[in-house]
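The structure appears right after this line, and notes come after that.
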Amino acid sequence: MYAYDQYDQAMVDARVAEFRDQCERRLAGKLSEDQFKPLRLMNGLYLQLHAYMLRVAIPYGTLNGGQMCVLADIAEKYDRGYGHFTTRQNIQYNWIKLEDAADILADLAKVEMHAIQTSGNCIRNISSDHFAGAAADEVADPRPYAELLRQWSSFHPEFSYLPRKFKICVIASENDRAAMRLHDIGIRIVERDGELGAQFYVGGGMGRTPMIAPLIRDFVPLDQLVTYSEACLRVYNRYGRRDNKYKARIKILVHELGAEEYTRQVEEEFAHLLDQGVEPPLAELERIKGYFRDPDMPDAGQEADRSDPDFAVWLDHNTHAHKMPGYVSAIVSLKPVGGIPGDATAAQMRVLADLAERYSFDELRIMHTQNVVLPHVRKADLYALWQALNEAGMGTPNADLMGDIIACPGLDYCSLANARSIPIAQRISQRFAANGKEAALGELKLKISGCINACGHHHAGHIGILGVDRKGTENYQLLLGGSEAEDTSLAKITGPGFDELGIVDAVETAADVYLRERTEGERFLDTYRRIGMAPFKEALYD
Amino acid sequence: MKLITGNDLKTGAVTWWTGDGWSIHIEDAADAGDEAEAIATREEAARRVNVPYVIEAEAGPDGAPRPAHIKERVRALGPTVRVDLTLKPDDPTAAQKVI
């Protein structure tokens with residue numbers, strides 16, 4: 001994985017010193033909150049319901065064991081012993097004190113981490129496929145391209161004050177595991193006639209106006225990747241709305257201009273930029289690629305022993321095909337039955353660090369589904385790995401099943417939320433563990449957001465739940481038919497909402513309709529797409 | 001009644017105006033009445049508490065102030081999903097009381 005050079009380290013260290021000074025001035029009363037707020041947000045420090053919250057960037061979700069150990073240390077030393085992994089492949093700490101914030105950033109900087117651009121109207125942490133560099137179906141490792149764009153977008157003076165926040169995703173396979181088309185820019189690395197290039201999808205997003213990004217360029221040569229990205233951003237920065245924050249995202253600009261006209265303007269800007277020296281030399285990309293070489297993975301040649309039936313179940317659900325024979329990627333569930341999705345204790349983080357060092361070439365990935373991946377595990381080591389995970393409460397065999405729920409922090413933590421998300425996730429998880437239907441349902445992606453900002457990706461859930469405030473009471477809308485995979489679709493609301501107990505019943509009702517109506521081999525989403533909303537509405541409301 | 005609340009500058013902890021200072025316990029909160037907005041403005045200038053603001057509340061069953069809105073009730077307690085992290089870690093019913 002990438003290692004900082006002297007420039008990276010100097011920039012991050014300088015930012016820590018700058019923020020330390022800003023915090024001291026705020027604590028001394030020399031800065032008002034109005035003056036301080038934009039400064040702290042540039043360093044990922046929010047003020048949430050109960051305390052300051054620090055969001056730490058995990059670039060394209062990749063980190064090593066040493067970094068995970070420092071995340072554990074921070075949880076223990078400065079927070080309350082745990083962290084929360086997010087749908088942006090980041091980690092958040094919920095109980096940070098302002099007087100500790102600069103010390104935390106200094107600790108992070110020692111292991112090449114930071115919280116820069118995890119907030120504000122700038123280019124945020126770039127996300128990617130959590131199986132990048134390991135997946136059998138990718139044409140290339142997308143992370144060097146994500147890293148190149150990270151370096152280009154970090155402290156980019158022209159794009160530090162965009163109309164609104166900006167999220168980029170880079171993948172390199174037909175199968176989309178990163179919700180690529182629901183980003184402001186989604187980039188897919190593709191191969192054509194033996195040459196690699198980039199497809200650009202621009203103007204996707206969730207939030208209050210969900211949109212699927214249209215394809216605006218089918219093939220950008222990789223030696224023009226940064227230049228084309230810059231052109232996309234320039235048009236947005238110039239014409240994106242700044243008068244209304246609800247219409248300020250690039251998706252609104254692309255929608256209002258039309259994809260064709262937006263593309264025309266981007267191409268015009270791109271032509272102008274081509275001779276401006278925006279693109280770094282290819283040698284820089286090659287230098288970055290050098291950090292992402294495959295570890296030496298000799299074929300162990302041994303399949304996992306499936307004689308333990310509980311292990312076999314985990315194996316079936318929580319491993320993913322690897323490009324190297326004898327290896328798989330292992331999914332570590334942070335969704336125990338009745339647990340809080342995405343939360344991990346400091347002790348669990350240390351176990352993950354240790355297991356990464358022992359079994360996965362010291363690499364970990366954070367999934368946007370709020371789980372963790374050990375990307376390169378020998379099949380022969382899987383049983384020992386599973387036993388260790390079980391012992392630490394992270395061996396639940398539920399990847400992509402009903403219990404693998406994405407849930408935002410909701411009203412339990414978030415100052416923007418209108419309703420609690422976590423208790424709903426806990427109840428649904430418990431209900432389906434008790435009724436024994438989880439296995440029968442198979443792949444079913446349930447996503448819960450506590451407000452219209454959609455951090456819980458409810459628009460993209462096979463089943464989505466949106467918490468709203470109805471006259472001071474929590475109310476939950478049910479949505480069906482979303483997908484964030486390569487068959488991206490937006491979920492539709494079934495009808496009137498439910499209270500916090502009713503929504504759990506409603507999810508079970510929808511699941512029962514699927515079990516009744518499905519044909520051989522159909523997932524929930526497939527059945528919904530075939531039979532439509534009507535049978536579900538009938539069961540839910542008649 | 002009108003309460004004034006905000007988040008402590010140093011710790012970020014939820015805090016309530018008591019009449020002559022700030023407390024993390026809503027049981028200590030004072031009804032600021034018609035003076036509430038003026039006190040909030042004055043306290044913002046003092047820069048001890050982040051963005052103090054006024055909320056509506058009524059007396060709860062135990063006599064302690066009970067905010068009208070669920071968001072403020074969650075703020076007063078802590079996360080309902082981790083009672084061990086709230087101000088009432090020994091009360092297993094604490095979360096239900098704020099809903």
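Ligands are numbered from 1 in the order shown, residues from 1 within each chain, and chains are lettered A, B, ... in the order they appear in the structure tokens.
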
Next item on the list: Pull out every residue of chain B sitting within 10 Å of chain A, counting only C-alpha atoms, and send them as a ChimeraX atom specification.
Entry: /B:6-15,44-51,68-72,74-82,85-86,99

Residue selection dump (N, CA and C atoms) as a short mmCIF file (atom, residue, chain, number, x, y, z; two decimals), in the first residue's frame:
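See again-v5.cif below for the written result:
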```cif
data_model
loop_
_atom_site.label_atom_id
_atom_site.label_comp_id
_atom_site.auth_asym_id
_atom_site.auth_seq_id
_atom_site.Cartn_x
_atom_site.Cartn_y
_atom_site.Cartn_z
N GLY B 6 -26.57 23.97 25.02
CA GLY B 6 -25.50 24.07 24.04
C GLY B 6 -24.53 22.94 24.30
N ASN B 7 -23.35 23.04 23.72
CA ASN B 7 -22.31 22.04 23.98
C ASN B 7 -21.09 22.74 24.56
N ASP B 8 -20.56 22.17 25.62
CA ASP B 8 -19.41 22.75 26.29
C ASP B 8 -18.24 22.94 25.31
N LEU B 9 -17.60 24.10 25.41
CA LEU B 9 -16.52 24.40 24.46
C LEU B 9 -15.41 23.36 24.50
N LYS B 10 -14.94 23.01 25.67
CA LYS B 10 -13.77 22.13 25.78
C LYS B 10 -14.09 20.67 25.47
N THR B 11 -15.19 20.19 26.05
CA THR B 11 -15.49 18.76 25.95
C THR B 11 -16.53 18.43 24.89
N GLY B 12 -17.30 19.43 24.49
CA GLY B 12 -18.40 19.17 23.57
C GLY B 12 -19.62 18.59 24.26
N ALA B 13 -19.53 18.36 25.57
CA ALA B 13 -20.64 17.74 26.30
C ALA B 13 -21.89 18.63 26.28
N VAL B 14 -23.04 17.98 26.22
CA VAL B 14 -24.31 18.71 26.27
C VAL B 14 -24.39 19.41 27.62
N THR B 15 -24.79 20.65 27.60
CA THR B 15 -24.83 21.40 28.84
C THR B 15 -26.09 22.27 28.91
N GLU B 44 -23.30 33.19 24.47
CA GLU B 44 -22.54 32.94 23.24
C GLU B 44 -21.33 33.87 23.18
N ALA B 45 -21.56 35.10 23.57
CA ALA B 45 -20.45 36.07 23.57
C ALA B 45 -19.37 35.68 24.58
N ALA B 46 -19.77 34.99 25.64
CA ALA B 46 -18.81 34.58 26.68
C ALA B 46 -17.90 33.44 26.21
N ARG B 47 -18.32 32.75 25.15
CA ARG B 47 -17.50 31.70 24.51
C ARG B 47 -17.12 30.55 25.44
N ARG B 48 -18.04 30.20 26.32
CA ARG B 48 -17.81 29.01 27.15
C ARG B 48 -18.54 27.81 26.57
N VAL B 49 -19.62 28.12 25.87
CA VAL B 49 -20.51 27.08 25.34
C VAL B 49 -20.73 27.35 23.86
N ASN B 50 -20.71 26.28 23.07
CA ASN B 50 -20.93 26.42 21.63
C ASN B 50 -22.39 26.69 21.32
N VAL B 51 -22.64 27.77 20.66
CA VAL B 51 -23.94 28.11 20.10
C VAL B 51 -25.10 27.77 21.05
N ALA B 68 -39.42 19.18 24.82
CA ALA B 68 -40.57 18.82 23.98
C ALA B 68 -40.16 17.91 22.83
N HIS B 69 -38.96 18.12 22.31
CA HIS B 69 -38.57 17.36 21.12
C HIS B 69 -37.65 16.20 21.48
N ILE B 70 -37.86 15.09 20.78
CA ILE B 70 -37.09 13.88 21.07
C ILE B 70 -35.58 14.11 20.91
N LYS B 71 -35.18 14.95 19.96
CA LYS B 71 -33.75 15.18 19.76
C LYS B 71 -33.13 15.75 21.03
N GLU B 72 -33.83 16.67 21.68
CA GLU B 72 -33.30 17.26 22.91
C GLU B 72 -33.34 16.27 24.07
N VAL B 74 -32.88 13.04 23.69
CA VAL B 74 -31.71 12.17 23.45
C VAL B 74 -30.44 12.91 23.87
N ARG B 75 -30.36 14.19 23.54
CA ARG B 75 -29.18 14.97 23.95
C ARG B 75 -29.03 14.97 25.48
N ALA B 76 -30.16 15.08 26.17
CA ALA B 76 -30.11 15.18 27.63
C ALA B 76 -29.63 13.89 28.27
N LEU B 77 -29.90 12.77 27.62
CA LEU B 77 -29.53 11.47 28.19
C LEU B 77 -28.19 10.97 27.66
N GLY B 78 -28.11 10.89 26.32
CA GLY B 78 -26.99 10.21 25.66
C GLY B 78 -27.59 9.21 24.70
N PRO B 79 -26.76 8.44 23.99
CA PRO B 79 -27.29 7.52 22.98
C PRO B 79 -28.18 6.44 23.59
N THR B 80 -29.38 6.28 23.06
CA THR B 80 -30.32 5.32 23.64
C THR B 80 -29.86 3.88 23.44
N VAL B 81 -28.92 3.69 22.51
CA VAL B 81 -28.46 2.33 22.21
C VAL B 81 -27.24 1.93 23.03
N ARG B 82 -26.73 2.84 23.82
CA ARG B 82 -25.59 2.53 24.69
C ARG B 82 -25.84 3.21 26.04
N LEU B 85 -23.13 4.48 28.17
CA LEU B 85 -22.42 5.72 27.84
C LEU B 85 -23.23 6.97 28.19
N THR B 86 -24.41 6.76 28.75
CA THR B 86 -25.27 7.91 29.05
C THR B 86 -24.98 8.44 30.45
N ILE B 99 -38.04 8.36 24.87
CA ILE B 99 -38.74 8.16 23.59
C ILE B 99 -40.16 8.69 23.67
#
```

Item checked: Neighbour list for Val254 of chain A as a ChimeraX atom specification, cut-off 7 Å, only C-alpha atoms, skip fewer than 5 positions in-chain -> /A:203,259,262

Contacts between segment 444-452 of chain A and segment 142-219 of chain A, please, where a residue of segment 142-219 of chain A counts if it comes within 12 Å (with only C-alpha atoms); show its shortest atom pair and distance in Å to one decimal, rows by chain and ascending number, as a Markdown table.
```
| residue | atom | partner | partner_atom | distance |
| --- | --- | --- | --- | --- |
| A:Met206 | CA | A:Ile452 | CA | 8.8 |
| A:Gly207 | CA | A:Ile452 | CA | 5.7 |
| A:Arg208 | CA | A:Ile452 | CA | 5.2 |
| A:Thr209 | CA | A:Ile452 | CA | 8.8 |
| A:Pro210 | CA | A:Ile452 | CA | 9.9 |
```

Take the residues from that selection and write them out as a PDB file, in the first residue's frame, keeping C-alpha atoms.
```pdb
ATOM      1  CA  MET A 206     -28.123   9.948  -2.857  1.00  0.00           C
ATOM      2  CA  GLY A 207     -29.344  12.548  -0.368  1.00  0.00           C
ATOM      3  CA  ARG A 208     -32.653  14.333  -0.809  1.00  0.00           C
ATOM      4  CA  THR A 209     -32.471  14.127  -4.619  1.00  0.00           C
ATOM      5  CA  PRO A 210     -31.070  10.716  -5.507  1.00  0.00           C
TER       6      PRO A 210
END
```

Note to self: Need to verify the contact set: segment 34-36 of chain B, 10 Å, only C-alpha atoms, exclusion of same-chain residues closer than 4 positions in sequence. Can you return it as a list in words?
What the structure shows: Met1, Lys2, Leu3, Ile4, Trp17, Ala30, Ala40, Thr41, Arg42, Tyr53, Val54 and Ile55 of chain B

Suppose we keep C-alpha atoms; can you now write the selection as an mmCIF file, in the first residue's frame?
```
data_model
loop_
_atom_site.group_PDB
_atom_site.id
_atom_site.type_symbol
_atom_site.label_atom_id
_atom_site.label_comp_id
_atom_site.auth_asym_id
_atom_site.auth_seq_id
_atom_site.Cartn_x
_atom_site.Cartn_y
_atom_site.Cartn_z
ATOM 1 C CA MET B 1 -40.783 26.372 30.162
ATOM 2 C CA LYS B 2 -37.777 27.597 28.208
ATOM 3 C CA LEU B 3 -34.391 25.972 28.666
ATOM 4 C CA ILE B 4 -31.049 27.064 27.278
ATOM 5 C CA TRP B 17 -28.185 26.730 31.766
ATOM 6 C CA ALA B 30 -33.539 26.465 35.028
ATOM 7 C CA ALA B 40 -28.301 32.703 25.177
ATOM 8 C CA THR B 41 -26.913 35.682 23.254
ATOM 9 C CA ARG B 42 -24.916 36.826 26.276
ATOM 10 C CA TYR B 53 -29.971 28.057 21.975
ATOM 11 C CA VAL B 54 -33.420 28.006 23.541
ATOM 12 C CA ILE B 55 -35.726 24.987 23.601
#
```

Checklist line | Two-atom distance - atom CA of Cys169 of chain A, atom CA of Ala283 of chain A (Å) | finding: 22.9 Å

Can you tell me, as an mmCIF file with C-alpha atoms, in the first residue's frame, which residues in chain B count as helix (DSSP H, G or I) by DSSP?
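After the write, part_10.cif holds the following:
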```
data_model
loop_
_atom_site.group_PDB
_atom_site.id
_atom_site.type_symbol
_atom_site.label_atom_id
_atom_site.label_comp_id
_atom_site.auth_asym_id
_atom_site.auth_seq_id
_atom_site.Cartn_x
_atom_site.Cartn_y
_atom_site.Cartn_z
ATOM 1 C CA ILE B 26 -30.850 18.515 32.734
ATOM 2 C CA GLU B 27 -32.252 18.130 36.253
ATOM 3 C CA ASP B 28 -30.251 21.274 37.101
ATOM 4 C CA GLY B 33 -38.549 32.312 30.737
ATOM 5 C CA ASP B 34 -38.702 35.534 28.761
ATOM 6 C CA GLU B 35 -35.004 36.164 29.336
ATOM 7 C CA ALA B 36 -33.949 33.008 27.524
ATOM 8 C CA GLU B 37 -32.923 34.508 24.181
ATOM 9 C CA ALA B 38 -31.032 37.345 25.848
ATOM 10 C CA ILE B 39 -29.159 34.940 28.123
ATOM 11 C CA ALA B 40 -28.301 32.703 25.177
ATOM 12 C CA THR B 41 -26.913 35.682 23.254
ATOM 13 C CA ARG B 42 -24.916 36.826 26.276
ATOM 14 C CA GLU B 43 -23.522 33.341 26.866
ATOM 15 C CA GLU B 44 -22.536 32.942 23.238
ATOM 16 C CA ALA B 45 -20.450 36.067 23.569
ATOM 17 C CA ALA B 46 -18.806 34.585 26.676
ATOM 18 C CA ILE B 70 -37.089 13.875 21.067
ATOM 19 C CA LYS B 71 -33.747 15.183 19.761
ATOM 20 C CA GLU B 72 -33.296 17.262 22.914
ATOM 21 C CA ARG B 73 -34.364 14.355 25.105
ATOM 22 C CA VAL B 74 -31.712 12.168 23.453
ATOM 23 C CA ARG B 75 -29.176 14.967 23.954
ATOM 24 C CA ALA B 76 -30.113 15.181 27.628
ATOM 25 C CA LEU B 77 -29.526 11.473 28.193
ATOM 26 C CA VAL B 83 -27.070 3.267 28.109
ATOM 27 C CA ASP B 84 -23.622 2.547 29.564
ATOM 28 C CA LEU B 85 -22.419 5.720 27.840
ATOM 29 C CA ALA B 94 -33.488 5.375 30.836
ATOM 30 C CA ALA B 95 -33.621 4.999 27.069
ATOM 31 C CA GLN B 96 -37.334 4.197 27.013
ATOM 32 C CA LYS B 97 -38.088 7.260 29.100
ATOM 33 C CA VAL B 98 -36.763 9.635 26.467
#
```

Item checked: Backbone-only DSSP, strand (DSSP E or B) members of segment 61-276 of chain A, as an NGL selection string -> :A and (62-64 or 82-85 or 91-96 or 123 or 127-128 or 135 or 138 or 166 or 168-171 or 173 or 185-192 or 195-202 or 205 or 211 or 215-221)

Next item on the list: Report the distance between atom CA of Arg427 of chain A and atom CA of Thr494 of chain A in Å, rounded to one decimal place.
Entry: 20.4 Å

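Between atom CA of Ala491 of chain A and atom CA of Cys408 of chain A there is a distance of 17.3 Å.
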
Next item on the list: Quick one: everything within 7 Å of Ala330 of chain A, counting only C-alpha atoms, minus sequence neighbours fewer than 2 positions away in the same chain. Send it as a list of chain:residue names.
Entry: A:Asn318, A:Thr319, A:His320, A:Val328, A:Val332, A:Val373, A:Leu374, A:Pro375, A:Val377

Produce a file of the selected residues containing N, CA and C atoms, as a PDB file, in the first residue's frame.
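And here is the file that came out, again24.pdb:
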```pdb
ATOM      1  N   ASN A 318     -19.009 -15.406   3.861  1.00  0.00           N
ATOM      2  CA  ASN A 318     -18.085 -14.322   4.205  1.00  0.00           C
ATOM      3  C   ASN A 318     -16.720 -14.420   3.537  1.00  0.00           C
ATOM      4  N   THR A 319     -16.644 -15.117   2.423  1.00  0.00           N
ATOM      5  CA  THR A 319     -15.397 -15.101   1.663  1.00  0.00           C
ATOM      6  C   THR A 319     -15.702 -14.743   0.215  1.00  0.00           C
ATOM      7  N   HIS A 320     -14.709 -14.197  -0.454  1.00  0.00           N
ATOM      8  CA  HIS A 320     -14.895 -13.730  -1.827  1.00  0.00           C
ATOM      9  C   HIS A 320     -13.724 -14.208  -2.680  1.00  0.00           C
ATOM     10  N   VAL A 328      -8.401 -16.346  -0.667  1.00  0.00           N
ATOM     11  CA  VAL A 328      -9.694 -15.660  -0.746  1.00  0.00           C
ATOM     12  C   VAL A 328      -9.562 -14.334   0.000  1.00  0.00           C
ATOM     13  N   VAL A 332     -15.031  -9.644   7.431  1.00  0.00           N
ATOM     14  CA  VAL A 332     -15.220  -9.656   8.879  1.00  0.00           C
ATOM     15  C   VAL A 332     -16.481  -8.861   9.187  1.00  0.00           C
ATOM     16  N   VAL A 373     -12.491  -6.090   5.587  1.00  0.00           N
ATOM     17  CA  VAL A 373     -11.998  -7.181   4.741  1.00  0.00           C
ATOM     18  C   VAL A 373     -10.542  -7.468   5.065  1.00  0.00           C
ATOM     19  N   LEU A 374     -10.222  -8.740   5.163  1.00  0.00           N
ATOM     20  CA  LEU A 374      -8.827  -9.186   5.130  1.00  0.00           C
ATOM     21  C   LEU A 374      -8.627  -9.686   3.700  1.00  0.00           C
ATOM     22  N   PRO A 375      -7.896  -8.918   2.873  1.00  0.00           N
ATOM     23  CA  PRO A 375      -7.977  -9.157   1.421  1.00  0.00           C
ATOM     24  C   PRO A 375      -7.263 -10.398   0.898  1.00  0.00           C
ATOM     25  N   VAL A 377      -6.140 -13.920   2.139  1.00  0.00           N
ATOM     26  CA  VAL A 377      -6.023 -14.964   3.160  1.00  0.00           C
ATOM     27  C   VAL A 377      -5.868 -16.329   2.482  1.00  0.00           C
TER      28      VAL A 377
END
```

Next item on the list: Find the residues near segment 346-357 of chain A: any atom within 9 Å, counting only C-alpha atoms, skip ones fewer than 4 places away on the same chain, and give them as a ChimeraX atom specification.
Entry: /A:64-76,81-83,332,361-364,372,374-377,385,388-389,392-394

Would you mind exporting C-alpha atoms of the selected residues as a short mmCIF file (atom, residue, chain, number, x, y, z; two decimals), in the first residue's frame?
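Once written, again13.cif looks like this:
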```cif
data_model
loop_
_atom_site.label_atom_id
_atom_site.label_comp_id
_atom_site.auth_asym_id
_atom_site.auth_seq_id
_atom_site.Cartn_x
_atom_site.Cartn_y
_atom_site.Cartn_z
CA ASN A 64 -2.40 -1.74 7.59
CA GLY A 65 -2.22 -3.36 11.00
CA GLY A 66 -0.11 -0.61 12.53
CA GLN A 67 -2.63 1.99 11.45
CA MET A 68 -5.49 -0.08 12.83
CA CYS A 69 -3.62 -0.31 16.15
CA VAL A 70 -3.35 3.48 16.31
CA LEU A 71 -7.08 3.75 15.59
CA ALA A 72 -7.59 1.41 18.56
CA ASP A 73 -5.24 3.50 20.73
CA ILE A 74 -7.19 6.65 19.88
CA ALA A 75 -10.47 4.94 20.75
CA GLU A 76 -9.08 4.01 24.13
CA GLY A 81 -13.17 2.60 23.76
CA TYR A 82 -14.74 2.19 20.35
CA GLY A 83 -14.98 3.63 16.86
CA VAL A 332 -15.22 -9.66 8.88
CA PHE A 361 0.00 -9.62 4.50
CA ASP A 362 -0.70 -6.83 6.98
CA GLU A 363 -3.58 -5.40 4.94
CA LEU A 364 -7.12 -4.48 5.88
CA VAL A 372 -13.85 -5.10 7.32
CA LEU A 374 -8.83 -9.19 5.13
CA PRO A 375 -7.98 -9.16 1.42
CA HIS A 376 -5.40 -11.92 0.97
CA VAL A 377 -6.02 -14.96 3.16
CA LEU A 385 -8.95 -17.04 11.22
CA ALA A 388 -10.14 -16.04 16.18
CA LEU A 389 -12.88 -13.83 14.74
CA ALA A 392 -13.66 -11.62 19.30
CA GLY A 393 -17.35 -11.42 18.34
CA MET A 394 -16.64 -10.78 14.65
#
```

Next item on the list: Choose the residue, out of A:Glu230, A:Pro535, A:Glu443, A:Gly481, that has the smallest atom-to-atom separation from Glu522 of chain A; count only C-alpha atoms.
Entry: A:Glu443

Check: What lies within 6 Å of His183 of chain A using only C-alpha atoms, ignoring chain neighbours under 4 positions off, as a ChimeraX atom specification?
Finding: /A:167-168,204-205
